[in-house]
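Asks: Got input-v6.txt for you, compact mmCIF, C-alpha atoms:
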# COMPACT_ATOMS: atom_id res chain seq x y z
CA MET P 260 127.75 75.72 343.93
CA SER P 261 124.60 74.76 345.77
CA PHE P 262 120.96 75.62 345.35
CA THR P 263 120.22 77.75 348.39
CA TYR P 264 116.66 79.04 347.97
CA THR P 265 114.36 76.07 348.26
CA ALA P 266 110.59 75.77 348.42
CA ILE P 267 109.80 73.77 351.54
CA GLN P 268 106.01 73.67 351.29
CA THR P 269 103.09 75.35 349.50
CA LEU P 270 99.63 75.56 351.04
CA ASP P 271 96.50 76.38 349.06
CA SER P 272 92.98 77.49 350.08
CA PRO P 273 93.66 77.01 353.79
CA GLY P 274 90.36 78.16 355.30
CA SER P 275 90.99 79.71 358.70
CA SER P 276 94.80 79.63 358.71
CA PHE P 277 97.99 78.60 356.99
CA GLU P 278 99.85 76.10 359.16
CA PHE P 279 103.47 75.25 358.42
CA THR P 280 104.69 72.53 360.79
CA ASN P 281 107.80 70.43 361.30
CA ILE P 282 109.97 73.10 359.66
CA PRO P 283 113.46 71.67 359.23
CA SER P 284 116.28 73.52 360.98
CA THR P 285 118.68 73.07 358.07
CA TYR P 286 118.36 76.56 356.63
CA THR P 287 119.62 79.96 357.77
CA ASP P 288 116.63 82.18 357.01
CA LEU P 289 113.02 81.58 356.01
CA ARG P 290 110.95 83.45 353.48
CA LEU P 291 107.19 83.26 353.06
CA HIS P 292 105.45 84.39 349.88
CA LEU P 293 101.69 84.80 350.23
CA SER P 294 98.89 85.61 347.81
CA ILE P 295 95.85 86.10 350.00
CA ASP P 296 92.25 87.21 350.01
CA GLY P 297 90.26 87.25 353.24
CA SER P 298 86.82 87.60 354.72
CA GLY P 299 87.28 91.06 356.23
CA TYR P 300 85.21 93.89 354.83
CA ASN P 301 87.63 96.49 353.50
CA ALA P 302 90.93 94.70 354.02
CA THR P 303 91.66 91.75 356.22
CA ASP P 304 94.13 92.15 359.10
CA CYS P 305 96.52 89.20 359.25
CA TYR P 306 98.62 87.83 362.10
CA LEU P 307 101.45 85.37 362.60
CA ARG P 308 102.46 83.08 365.45
CA PHE P 309 105.56 80.97 365.91
CA ASN P 310 105.53 77.54 367.56
CA GLY P 311 101.92 78.11 368.64
CA SER P 312 103.10 80.58 371.27
CA THR P 313 100.44 82.98 372.55
CA ALA P 314 102.72 84.58 375.13
CA ALA P 315 102.87 88.37 374.86
CA ASN P 316 106.29 88.37 373.20
CA TYR P 317 105.51 89.82 369.79
CA SER P 318 106.16 93.42 368.78
CA VAL P 319 105.90 95.26 365.50
CA ARG P 320 106.43 98.67 363.92
CA TYR P 321 105.12 99.55 360.49
CA VAL P 322 104.88 102.30 357.93
CA TRP P 323 101.82 102.49 355.71
CA LYS P 324 100.73 104.46 352.67
CA ASP P 325 97.55 104.28 350.67
CA GLY P 326 96.70 105.78 347.32
CA SER P 327 94.62 108.69 348.53
CA SER P 328 96.38 110.31 351.48
CA ALA P 329 99.12 112.80 350.86
CA SER P 330 101.36 111.44 353.55
CA GLY P 331 101.78 108.01 355.01
CA SER P 332 101.16 106.85 358.52
CA GLY P 333 102.20 103.96 360.69
CA GLY P 334 102.04 102.41 364.09
CA ASN P 335 103.63 100.13 366.58
CA ALA P 336 102.55 97.55 369.13
CA THR P 337 104.42 95.73 371.87
CA ALA P 338 103.72 92.73 374.11
CA GLN P 339 101.24 91.21 371.70
CA SER P 340 100.08 87.58 371.64
CA ALA P 341 100.54 87.47 367.85
CA MET P 342 102.44 89.54 365.30
CA PHE P 343 100.48 91.86 363.00
CA ILE P 344 101.91 91.33 359.52
CA GLY P 345 99.63 93.20 357.14
CA TYR P 346 96.47 93.00 355.12
CA ALA P 347 94.85 90.52 352.80
CA THR P 348 92.28 91.88 350.42
CA GLY P 349 88.68 91.83 351.69
CA THR P 350 85.12 91.32 350.59
CA ASN P 351 84.82 94.95 349.53
CA THR P 352 87.85 94.68 347.24
CA ALA P 353 87.14 94.16 343.56
CA ALA P 354 86.87 90.53 342.55
CA ASN P 355 89.89 88.36 341.74
CA ILE P 356 92.42 90.60 343.46
CA PHE P 357 94.77 89.02 345.99
CA ALA P 358 97.14 90.81 348.33
CA THR P 359 100.86 90.06 348.13
CA MET P 360 102.93 89.56 351.22
CA ASN P 361 106.61 88.65 351.54
CA ILE P 362 107.85 87.75 355.01
CA HIS P 363 111.53 87.35 355.82
CA ILE P 364 112.54 85.59 359.04
CA SER P 365 116.20 85.87 359.98
CA GLU P 366 118.12 83.10 361.72
CA TYR P 367 114.92 81.22 362.55
CA ALA P 368 116.75 78.16 363.88
CA SER P 369 118.93 80.09 366.32
CA THR P 370 118.61 79.09 369.95
CA THR P 371 120.48 82.15 371.23
CA LYS P 372 118.88 85.08 369.37
CA ASN P 373 115.39 86.50 369.42
CA LYS P 374 113.67 86.29 366.03
CA TYR P 375 113.42 89.27 363.65
CA VAL P 376 110.91 89.60 360.84
CA LEU P 377 110.57 91.91 357.83
CA THR P 378 107.28 92.02 355.94
CA GLU P 379 106.37 93.80 352.72
CA ASN P 380 102.69 93.93 351.89
CA ALA P 381 100.68 95.29 348.98
CA THR P 382 96.91 95.08 349.05
CA GLU P 383 93.85 96.76 347.63
CA ALA P 384 90.85 97.96 349.60
CA ALA P 385 87.54 99.29 348.31
CA ASN P 386 87.40 101.67 345.36
CA ASN P 387 90.74 100.47 343.98
CA ASP P 388 92.57 102.03 346.92
CA GLN P 389 95.99 100.38 347.05
CA TRP P 390 97.93 100.08 350.27
CA LEU P 391 101.66 99.63 350.72
CA THR P 392 102.87 98.55 354.15
CA MET P 393 106.27 97.58 355.50
CA PHE P 394 106.70 95.93 358.88
CA THR P 395 109.57 95.28 361.22
CA GLY P 396 108.73 92.60 363.77
CA LYS P 397 110.30 90.80 366.69
CA TRP P 398 109.47 87.64 368.56
CA ALA P 399 111.24 87.91 371.91
CA ASP P 400 111.95 84.21 372.20
CA THR P 401 115.18 82.32 371.58
CA SER P 402 113.47 79.05 370.67
CA ALA P 403 114.12 77.67 367.21
CA ILE P 404 111.07 78.19 365.01
CA THR P 405 109.53 74.86 364.06
CA SER P 406 106.03 75.96 363.09
CA ILE P 407 104.35 79.06 361.68
CA SER P 408 100.68 79.92 361.76
CA ILE P 409 99.18 82.76 359.68
CA PHE P 410 95.59 83.71 360.28
CA PRO P 411 93.09 86.53 359.70
CA ALA P 412 91.67 88.63 362.52
CA SER P 413 88.31 88.06 364.16
CA SER P 414 88.10 84.36 363.36
CA GLY P 415 88.01 85.21 359.68
CA THR P 416 88.99 82.98 356.82
CA PHE P 417 91.15 83.06 353.72
CA THR P 418 89.20 82.53 350.52
CA SER P 419 89.79 79.80 347.96
CA ASN P 420 92.96 80.09 345.90
CA SER P 421 94.82 81.95 348.62
CA THR P 422 98.31 80.47 348.68
CA ALA P 423 101.42 80.55 350.84
CA THR P 424 104.83 79.10 350.04
CA LEU P 425 107.59 78.71 352.59
CA TYR P 426 111.17 78.90 351.33
CA GLY P 427 114.39 78.06 353.10
CA ILE P 428 117.50 80.13 352.43
CA LEU P 429 120.77 78.43 353.10
CA LYS P 430 123.96 80.21 354.04
CA ALA P 431 127.20 78.52 353.12
CA MET M 33 116.92 72.33 338.75
CA PRO M 34 118.88 75.44 337.73
CA VAL M 35 120.87 77.38 340.26
CA THR M 36 119.06 80.72 340.53
CA TYR M 37 119.71 81.99 344.05
CA ASP M 38 123.00 81.18 345.61
CA ASN M 39 125.01 82.17 348.64
CA LEU M 40 128.17 83.90 347.44
CA ALA M 41 129.71 84.64 350.82
CA SER M 42 128.83 84.97 354.50
CA THR M 43 130.55 86.64 357.39
CA SER M 44 129.92 87.82 360.91
CA SER M 45 131.25 90.34 363.36
CA THR M 46 133.38 88.45 365.83
CA ASN M 47 134.91 91.36 367.73
CA ASN M 48 132.79 94.48 367.25
CA ASN M 49 134.18 94.89 363.76
CA THR M 50 134.24 98.38 362.26
CA THR M 51 133.77 97.23 358.66
CA VAL M 52 132.52 94.08 357.00
CA SER M 53 133.63 93.49 353.41
CA PHE M 54 132.71 91.29 350.49
CA THR M 55 135.45 91.26 347.87
CA ASN M 56 135.99 89.67 344.48
CA ILE M 57 132.23 89.32 344.05
CA ASN M 58 131.28 86.69 341.50
CA GLN M 59 130.00 88.42 338.32
CA ASN M 60 127.89 85.55 337.03
CA PHE M 61 124.57 86.59 338.54
CA THR M 62 121.99 89.24 337.66
CA ASP M 63 121.10 90.74 341.03
CA LEU M 64 122.52 90.60 344.54
CA VAL M 65 120.70 90.25 347.84
CA LEU M 66 122.40 91.15 351.09
CA MET M 67 120.77 89.76 354.24
CA ILE M 68 121.83 91.39 357.49
CA ASN M 69 120.97 90.61 361.09
CA ALA M 70 122.95 93.11 363.09
CA LYS M 71 123.31 95.35 366.09
CA ASN M 72 125.28 98.53 366.60
CA THR M 73 127.72 99.00 369.48
CA SER M 74 126.80 102.63 370.15
CA GLY M 75 123.47 104.38 369.77
CA THR M 76 121.25 104.20 366.71
CA ASN M 77 122.84 104.93 363.38
CA ASN M 78 122.27 104.37 359.71
CA GLY M 79 124.51 101.81 358.13
CA GLN M 80 126.61 102.80 355.17
CA ILE M 81 127.60 100.83 352.09
CA VAL M 82 130.49 101.64 349.78
CA PHE M 83 130.72 99.95 346.39
CA ASN M 84 134.11 99.31 344.79
CA SER M 85 135.79 101.58 347.38
CA ASP M 86 134.14 104.59 345.69
CA THR M 87 133.90 107.37 348.29
CA SER M 88 133.09 110.12 345.79
CA ALA M 89 129.73 111.88 346.12
CA ASN M 90 127.98 109.41 343.83
CA TYR M 91 125.24 108.06 346.10
CA SER M 92 121.65 109.17 346.68
CA GLY M 93 118.64 107.77 348.50
CA VAL M 94 115.02 108.39 349.43
CA TYR M 95 113.12 106.73 352.24
CA LEU M 96 109.71 106.22 353.82
CA GLN M 97 109.76 105.50 357.54
CA PHE M 98 107.78 105.33 360.76
CA SER M 99 109.24 106.03 364.18
CA SER M 100 106.67 107.91 366.24
CA THR M 101 105.30 109.58 363.15
CA ALA M 102 105.44 108.68 359.49
CA GLY M 103 107.64 110.58 357.15
CA GLY M 104 110.44 110.46 354.69
CA ASP M 105 113.26 112.42 353.19
CA ARG M 106 116.15 112.07 350.83
CA VAL M 107 119.91 112.27 350.83
CA THR M 108 121.80 113.31 347.72
CA ASN M 109 125.39 113.33 346.56
CA THR M 110 126.64 111.44 349.58
CA THR M 111 129.93 109.59 349.74
CA ASN M 112 128.30 106.32 350.73
CA LEU M 113 124.95 104.62 350.43
CA TYR M 114 122.66 105.00 353.44
CA THR M 115 120.95 101.90 354.85
CA PRO M 116 118.14 101.63 357.43
CA GLU M 117 119.25 102.22 361.00
CA PHE M 118 120.87 99.75 363.38
CA SER M 119 120.59 100.14 367.14
CA SER M 120 122.70 99.19 370.12
CA GLY M 121 119.50 98.22 371.93
CA ASP M 122 118.63 95.18 369.88
CA PHE M 123 119.41 93.25 366.73
CA SER M 124 117.44 94.03 363.59
CA SER M 125 117.13 92.58 360.14
CA CYS M 126 117.80 94.37 356.89
CA VAL M 127 117.39 93.00 353.36
CA VAL M 128 119.20 94.83 350.55
CA ASN M 129 118.42 94.14 346.89
CA ILE M 130 121.04 95.36 344.42
CA MET M 131 119.82 95.22 340.84
CA ASN M 132 121.92 94.55 337.74
CA TYR M 133 125.09 94.73 339.78
CA SER M 134 127.33 93.27 337.08
CA ASN M 135 126.06 95.57 334.35
CA ASN M 136 128.77 97.81 332.90
CA GLN M 137 126.58 100.47 331.25
CA TYR M 138 124.08 101.78 333.77
CA ASP M 139 123.96 103.28 337.23
CA LYS M 140 122.98 100.87 340.01
CA THR M 141 119.72 100.89 341.97
CA VAL M 142 119.11 99.47 345.42
CA ILE M 143 116.00 98.72 347.50
CA GLN M 144 116.29 98.15 351.26
CA ARG M 145 113.94 97.22 354.10
CA GLY M 146 114.89 97.28 357.76
CA GLY M 147 114.88 98.97 361.13
CA GLU M 148 114.94 98.14 364.82
CA VAL M 149 111.43 97.33 365.96
CA SER M 150 111.39 99.52 369.07
CA GLU M 151 112.66 102.57 367.21
CA ARG M 152 112.01 102.77 363.50
CA THR M 153 111.05 100.88 360.37
CA ALA M 154 112.12 102.13 356.97
CA LEU M 155 111.99 101.46 353.28
CA TRP M 156 114.87 102.92 351.23
CA VAL M 157 115.50 103.27 347.52
CA ASN M 158 119.05 104.27 346.54
CA THR M 159 121.22 104.83 343.53
CA TRP M 160 124.95 104.59 342.93
CA ARG M 161 125.83 106.71 339.94
CA SER M 162 128.42 104.47 338.37
CA PRO M 163 128.32 102.14 335.39
CA LEU M 164 131.00 99.92 336.90
CA PRO M 165 130.14 96.34 337.83
CA ILE M 166 130.08 95.92 341.60
CA THR M 167 133.00 93.79 342.67
CA ARG M 168 133.36 94.90 346.28
CA ILE M 169 130.96 95.89 349.08
CA ASP M 170 132.08 97.46 352.38
CA LEU M 171 129.57 97.88 355.21
CA SER M 172 130.01 100.07 358.25
CA THR M 173 127.82 102.40 360.30
CA PHE M 174 127.74 106.16 360.85
CA GLY M 175 128.56 105.60 364.51
CA GLY M 176 129.77 102.67 366.52
CA ASN M 177 130.76 99.29 365.16
CA TRP M 178 129.03 96.04 364.23
CA ALA M 179 128.33 94.27 367.50
CA THR M 180 129.68 90.79 367.93
CA GLY M 181 127.16 88.27 366.64
CA SER M 182 126.02 90.45 363.72
CA THR M 183 125.73 88.36 360.55
CA PHE M 184 125.94 89.27 356.88
CA ALA M 185 125.18 87.00 353.92
CA LEU M 186 125.47 87.88 350.23
CA TYR M 187 123.40 86.02 347.64
CA GLY M 188 123.36 86.09 343.86
CA ILE M 189 120.15 85.80 341.84
CA LYS M 190 120.37 84.63 338.28
CA ALA M 191 117.89 85.55 335.59
CA ALA M 192 116.70 82.73 333.33
Would you put the structure from the file into structure tokens?

Replies:
Amino acid sequence: MSFTYTAIQTLDSPGSSFEFTNIPSTYTDLRLHLSIDGSGYNATDCYLRFNGSTAANYSVRYVWKDGSSASGSGGNATAQSAMFIGYATGTNTAANIFATMNIHISEYASTTKNKYVLTENATEAANNDQWLTMFTGKWADTSAITSISIFPASSGTFTSNSTATLYGILKA
Amino acid sequence: MPVTYDNLASTSSTNNNTTVSFTNINQNFTDLVLMINAKNTSGTNNGQIVFNSDTSANYSGVYLQFSSTAGGDRVTNTTNLYTPEFSSGDFSSCVVNIMNYSNNQYDKTVIQRGGEVSERTALWVNTWRSPLPITRIDLSTFGGNWATGSTFALYGIKAA
């Protein structure tokens, strides 16, 4: 029996972005666990890129629910130069609260399939308003993923003690 | 380093398979995680899971989703467990967490995330009203088959 869920790398207090590079191709899926606070006002929009690609090959669809509205909402975007993945907390969030984000990347090392992403995100905006968001994403590119960049919108930054850990999941 | 998250079995659809099965599931873990990257052969349909070959009306589920608008609904007393949808237009990922699967006293609960990006994204919570330990999982869809190249991997998570 083998250990199949392995931490590859943890990054801490990254400033403007988390950069995972030289990702080994030895796993089947990747999983990213983030605890993040950003420089946006109410909540900080976050994005992801693979292999540094800025080609308009990212698409996403998401469902969203906050603590005050009776019903949820959502959205979708196609042909984007980066993938929207959710929200870090922001400067208007109460102190010492970090958003949680789990990102699952299926068959990241495949050279025949596009890449498919699932993201679960919980954050808190101003006035203790908690947001739940779930994303389905696609990178229309068959290249093996060797690097991942996660960054806030509008040239923002992640605050100190924001962390991201990349895990590899191995299929027998 | 203790073994806490292990691949129990993996399979793929090699010829537009109708059903994918995991049998004789190891009972030594606490939870199960099923990771799917799949495509349907015909249209867009929910997947369906059957535990232990139980096709009695013992399954229920509730979901939150976004297609062109946000919404949700529930299904009750169904003869299988609904999953997020799979499309013939593209592959999509789905992660299924099955809690306390080897417990022999309580009903089983399931959380799922998935959906094809051009059509729908959904979060499901389901129950299987049976105290039996889960020893077998069968996956199919409500229409069409699993397209060739669809992959399915079952993992066990062990509590400390």

Asks: Using all atoms listed in the file, which protein or nucleic acid residues come within 6 Å of M:Ala185? Drop anything in the same chain fewer than 5 positions from it, and give the result as a VMD selection string.

Replies: chain M and resid 41 to 42 66 to 67

Asks: What's around stretch 141-150 of chain M at 7 Å? Count all atoms listed in the file, leave out sequence neighbours fewer than 3 positions away in its own chain, and write the answer as a PyMOL selection string.

Replies: (chain P and resi 319-320+377+395-397) or (chain M and resi 115-119+122-131+153-160)

Asks: So which residues are close to (125.7, 103.9, 356.7), meaning at most 10 Å away in the file's coordinates with all atoms listed in the file counted, and can you show them as a PyMOL selection string?

Replies: chain M and resi 77-82+111-118+171-175

Asks: I need the residue nearest chain M from this list: P:Ser419, P:Thr313, P:Asn361, P:Ser332. Use all atoms listed in the file for the distance.

Replies: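 Distance minimum relative to chain M lands on P:Ser332.
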
Asks: With distances taken over only C-alpha atoms, which residue among M:Asn109, M:Asn132, M:Gln97, M:Thr43 lies nearest chain P?

Replies: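 Under the stated criterion, the closest residue is M:Gln97.
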
Asks: So, with all atoms listed in the file as the atoms that count, which of P:Ala329, P:Ala315, P:Ile428, P:Val322 lies closest to M:Asp38?

Replies: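 For M:Asp38, the nearest of the given residues is P:Ile428.
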
Asks: Which chain P residues are at most 9 Å from chain M (counting all atoms listed in the file), as a count of residues only?

Replies: 39

Asks: Using all atoms listed in the file, which of the listed residues (P:Thr303, P:Thr287, P:Asn316, P:Thr422) sits closest to P:Asp400?

Replies: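 For P:Asp400, the nearest of the candidates is P:Asn316.
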
Asks: Measure the distance from atom CA of P:Leu291 to atom CA of P:Ala403 in Å and round it to one decimal.

Replies: 16.7 Å

Asks: Restricting the calculation to all atoms listed in the file, which member of P:Ser413, P:Thr392, P:Thr405, P:Ser276 is positioned closest to P:Asn310?

Replies: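 Among the listed residues, the smallest separation from P:Asn310 belongs to P:Thr405.
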
Asks: Expressed in Å to a single decimal, how great is the separation between atom CA of M:Asp105 and atom CA of P:Ser328?

Replies: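 Answer for the atom CA of M:Asp105 to atom CA of P:Ser328 separation: 17.1 Å.
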
Asks: Using all atoms listed in the file, which residue out of M:Thr87, M:Asn72, M:Gln137, M:Thr167 lies closest to M:Ile57?

Replies: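 For M:Ile57, the nearest of the given residues is M:Thr167.
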
Asks: Please, what is the axis-aligned box for every listed atom of stretch 47-60 of chain M with 8 Å on each side, as centre and edge lengths in Å to one decimal, as lines of an AutoDock Vina configuration file?

Replies:
center_x = 131.9
center_y = 92.0
center_z = 352.4
size_x = 24.1
size_y = 28.8
size_z = 46.7

Asks: At what distance in Å, to one decimal, does atom CA of P:Thr418 lie from atom CA of P:Asn351?

Replies: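 Answer for the atom CA of P:Asn351 to atom CA of P:Thr418 separation: 13.2 Å.
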
Asks: Could you name the residues that touch P:Pro283 at 9 Å or less, counting all atoms listed in the file, but leaving out those on the same chain fewer than 2 positions away, as a ChimeraX atom specification?

Replies: /P:267,280-281,285-286,368,405,427
